[in-house]
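Peer 1: Got data-v8.cif for you, mmCIF, C-alpha atoms:
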```cif
data_coords
loop_
_atom_site.label_atom_id
_atom_site.label_comp_id
_atom_site.auth_asym_id
_atom_site.auth_seq_id
_atom_site.Cartn_x
_atom_site.Cartn_y
_atom_site.Cartn_z
CA MET A 1435 19.52 -12.52 41.24
CA GLU A 1436 18.75 -8.82 40.92
CA THR A 1437 18.98 -7.24 37.49
CA ILE A 1438 20.90 -3.98 37.40
CA ASP A 1439 20.10 -1.57 34.58
CA ARG A 1440 23.18 0.11 33.27
CA GLU A 1441 23.13 3.83 32.68
CA GLU A 1442 21.77 4.70 29.25
CA ILE A 1443 23.98 7.31 27.58
CA TYR A 1444 22.38 7.61 24.15
CA SER A 1445 19.43 6.05 22.35
CA LYS A 1446 18.34 6.05 18.71
CA ALA A 1447 15.19 4.39 17.35
CA VAL A 1448 14.95 3.51 13.66
CA ARG A 1449 11.54 2.57 12.29
CA ALA A 1450 11.69 0.22 9.30
CA GLY A 1451 8.32 -1.11 8.17
CA LYS A 1452 6.90 -3.48 10.77
CA ARG A 1453 10.14 -3.45 12.72
CA THR A 1454 11.80 -0.89 14.94
CA TYR A 1455 15.50 -1.06 15.75
CA PHE A 1456 16.82 0.51 18.94
CA PHE A 1457 20.49 1.43 19.26
CA ASP A 1458 21.24 2.08 22.92
CA VAL A 1459 24.64 3.14 24.25
CA LYS A 1460 25.09 2.15 27.87
CA ALA A 1461 27.84 2.40 30.46
CA THR A 1462 29.19 -0.30 32.75
CA ARG A 1463 30.08 0.24 36.40
CA ASN A 1464 33.62 1.04 35.23
CA ASN A 1465 32.25 3.67 32.84
CA ASP A 1466 33.04 1.53 29.79
CA TYR A 1467 30.58 1.89 26.90
CA TYR A 1468 28.78 -0.84 25.02
CA LEU A 1469 25.95 -0.96 22.52
CA THR A 1470 22.71 -2.91 22.62
CA ILE A 1471 20.83 -3.38 19.36
CA THR A 1472 17.22 -4.43 19.78
CA GLU A 1473 14.87 -5.50 17.01
CA SER A 1474 11.22 -5.09 17.97
CA LYS A 1475 8.49 -6.48 15.73
CA LYS A 1476 4.79 -6.00 16.26
CA LYS A 1477 2.84 -9.28 16.45
CA PHE A 1478 -0.80 -10.11 17.02
CA ASP A 1479 -1.97 -13.25 18.82
CA ASP A 1480 -5.08 -15.28 17.95
CA ASN A 1481 -7.26 -12.90 20.00
CA GLY A 1482 -5.97 -9.87 18.11
CA THR A 1483 -3.96 -8.67 21.10
CA GLN A 1484 -0.88 -6.70 20.10
CA ASN A 1485 2.49 -7.96 21.37
CA PHE A 1486 6.07 -7.17 20.56
CA GLU A 1487 8.66 -9.80 19.74
CA LYS A 1488 12.12 -8.56 20.69
CA HIS A 1489 15.62 -9.76 19.89
CA LYS A 1490 18.66 -8.13 21.43
CA ILE A 1491 22.40 -8.30 20.90
CA PHE A 1492 25.14 -6.74 22.98
CA LEU A 1493 28.11 -5.27 21.17
CA TYR A 1494 31.23 -4.44 23.15
CA LYS A 1495 33.78 -1.76 22.24
CA GLU A 1496 36.51 -4.27 21.37
CA ASP A 1497 34.20 -5.70 18.68
CA PHE A 1498 32.94 -2.42 17.14
CA GLU A 1499 35.41 -2.31 14.25
CA LYS A 1500 35.07 -5.95 13.17
CA PHE A 1501 31.26 -5.84 13.54
CA SER A 1502 31.10 -2.65 11.47
CA GLU A 1503 33.35 -4.13 8.77
CA GLY A 1504 31.27 -7.31 8.60
CA LEU A 1505 28.01 -5.36 8.38
CA GLU A 1506 29.38 -3.06 5.67
CA ASP A 1507 30.69 -6.02 3.66
CA ALA A 1508 27.38 -7.90 3.89
CA VAL A 1509 25.33 -4.83 2.89
CA ALA A 1510 27.71 -4.06 0.00
CA TYR A 1511 27.39 -7.68 -1.21
CA ILE A 1512 23.58 -7.51 -1.14
CA LYS A 1513 23.55 -4.19 -2.99
CA ALA A 1514 25.96 -5.55 -5.63
CA VAL A 1515 23.87 -8.68 -6.19
CA LEU A 1516 20.61 -6.72 -6.38
CA GLY A 1517 22.26 -4.20 -8.69
CA GLY A 1518 23.39 -6.98 -11.02
CA GLU A 1519 27.07 -6.21 -10.46
CA ILE A 1520 27.85 -9.75 -9.31
CA PRO A 1521 25.91 -13.00 -9.64
CA ALA A 1522 24.13 -14.31 -6.57
CA GLN A 1523 25.75 -17.36 -4.98
CA SER A 1524 23.80 -20.37 -3.85
CA GLN A 1525 23.96 -21.44 -0.19
CA SER A 1526 26.45 -24.21 -1.05
CA GLU A 1527 28.72 -21.76 -2.89
CA HIS A 1528 28.74 -19.24 -0.04
CA LYS A 1529 32.08 -19.23 1.73
CA ARG A 1530 32.81 -17.89 5.21
CA ASN A 1531 36.22 -16.33 5.66
CA ASP A 1532 37.02 -16.89 9.33
CA PHE A 1533 34.91 -19.87 10.42
CA ASP A 1534 31.93 -21.91 9.41
CA VAL A 1535 28.85 -21.64 11.62
CA ASP A 1536 25.35 -22.82 10.85
CA PHE A 1537 23.20 -20.60 13.06
CA ASP A 1538 20.18 -22.91 12.58
CA GLN A 1539 22.09 -25.53 14.59
CA ILE A 1540 22.89 -23.21 17.51
#
```
Please rewrite the model in this file as structure tokens.
Peer 2:
Amino acid sequence: METIDREEIYSKAVRAGKRTYFFDVKATRNNDYYLTITESKKKFDDNGTQNFEKHKIFLYKEDFEKFSEGLEDAVAYIKAVLGGEIPAQSQSEHKRNDFDVDFDQI
């Protein structure tokens, strides 16, 4: 099966320590936009050869608002805990609003 690269409309790289995040806006054949978010982390193998470990997610326009809300909520929670505004919860106390998924089991 041949891979077809979609047209890249916009790209933004964000360097954060050992990681770089790429935010790439692309267009489908129907000229619909979607976002790919790629995390790239520099790794070295046993021989000292540099490699990059990459993880990518695709975010579609119908999910932008809910994704953004979830990200903002999670970041706000972390900032509040680190700022001492609210006590940190243990893993067993953490409650998911919409569904319960253990990503280690996926």
Peer 1: Neighbouring residues of segment 1469-1477 of chain A were defined as those with any atom within 8 Å, considering all atoms listed in the file; residues of the same chain fewer than 2 positions away were excluded. Please report them as a PyMOL selection string.
Peer 2: chain A and resi 1452-1460+1467+1479+1484-1495
Peer 1: Separation of atom CA of Lys1500 of chain A and atom CA of Tyr1468 of chain A, in Å?
Peer 2: 14.4 Å
Peer 1: Please write out, as lines of an AutoDock Vina configuration file, where the centre of an axis-aligned box around all listed atoms of segment 1509-1520 of chain A lies and how long its edges are, in Å to one decimal, after adding 6 Å on each side.
Peer 2:
```
center_x = 24.2
center_y = -6.9
center_z = -4.1
size_x = 19.2
size_y = 17.7
size_z = 25.9
```
Peer 1: Could you tell me how far atom CA of Phe1501 of chain A lies from atom CA of Ala1514 of chain A, in Å and to one decimal?
Peer 2: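 For atom CA of Phe1501 of chain A relative to atom CA of Ala1514 of chain A, the distance reads 19.9 Å.
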Peer 1: Kindly give the distance, in Å, that separates atom CA of Glu1442 of chain A and atom CA of Asn1464 of chain A, rounded to a single decimal.
Peer 2: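 Separation of atom CA of Glu1442 of chain A and atom CA of Asn1464 of chain A: 13.8 Å.
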Peer 1: Because some atoms of segment 1464-1480 of chain A are absent here, can you restore N, CA and C atoms and send them as a short mmCIF file (atom, residue, chain, number, x, y, z; two decimals), in the coordinates of the input?
Peer 2:
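Contents of the output file result.cif:
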```cif
data_model
loop_
_atom_site.label_atom_id
_atom_site.label_comp_id
_atom_site.auth_asym_id
_atom_site.auth_seq_id
_atom_site.Cartn_x
_atom_site.Cartn_y
_atom_site.Cartn_z
N ASN A 1464 32.29 0.45 35.42
CA ASN A 1464 33.62 1.04 35.23
C ASN A 1464 33.62 2.16 34.19
N ASN A 1465 32.42 2.61 33.83
CA ASN A 1465 32.25 3.67 32.84
C ASN A 1465 32.81 3.30 31.47
N ASP A 1466 32.72 2.02 31.12
CA ASP A 1466 33.04 1.53 29.79
C ASP A 1466 31.74 1.52 28.99
N TYR A 1467 31.79 1.86 27.71
CA TYR A 1467 30.58 1.89 26.90
C TYR A 1467 30.40 0.59 26.13
N TYR A 1468 29.14 0.26 25.90
CA TYR A 1468 28.78 -0.84 25.02
C TYR A 1468 27.48 -0.49 24.35
N LEU A 1469 27.12 -1.24 23.32
CA LEU A 1469 25.95 -0.96 22.52
C LEU A 1469 24.99 -2.14 22.59
N THR A 1470 23.71 -1.86 22.79
CA THR A 1470 22.71 -2.91 22.62
C THR A 1470 21.90 -2.55 21.37
N ILE A 1471 21.66 -3.55 20.55
CA ILE A 1471 20.83 -3.38 19.36
C ILE A 1471 19.63 -4.29 19.57
N THR A 1472 18.44 -3.68 19.56
CA THR A 1472 17.22 -4.43 19.78
C THR A 1472 16.33 -4.32 18.56
N GLU A 1473 15.86 -5.47 18.08
CA GLU A 1473 14.87 -5.50 17.01
C GLU A 1473 13.53 -5.76 17.68
N SER A 1474 12.55 -4.92 17.42
CA SER A 1474 11.22 -5.09 17.97
C SER A 1474 10.24 -5.19 16.81
N LYS A 1475 9.45 -6.26 16.81
CA LYS A 1475 8.49 -6.48 15.73
C LYS A 1475 7.11 -6.66 16.32
N LYS A 1476 6.16 -5.92 15.78
CA LYS A 1476 4.79 -6.00 16.26
C LYS A 1476 4.16 -7.31 15.79
N LYS A 1477 3.52 -8.01 16.73
CA LYS A 1477 2.84 -9.28 16.45
C LYS A 1477 1.44 -9.23 17.04
N PHE A 1478 0.55 -9.99 16.48
CA PHE A 1478 -0.80 -10.11 17.02
C PHE A 1478 -1.08 -11.57 17.31
N ASP A 1479 -1.63 -11.86 18.49
CA ASP A 1479 -1.97 -13.25 18.82
C ASP A 1479 -3.33 -13.59 18.24
N ASP A 1480 -3.82 -14.81 18.52
CA ASP A 1480 -5.08 -15.28 17.95
C ASP A 1480 -6.28 -14.43 18.37
#
```
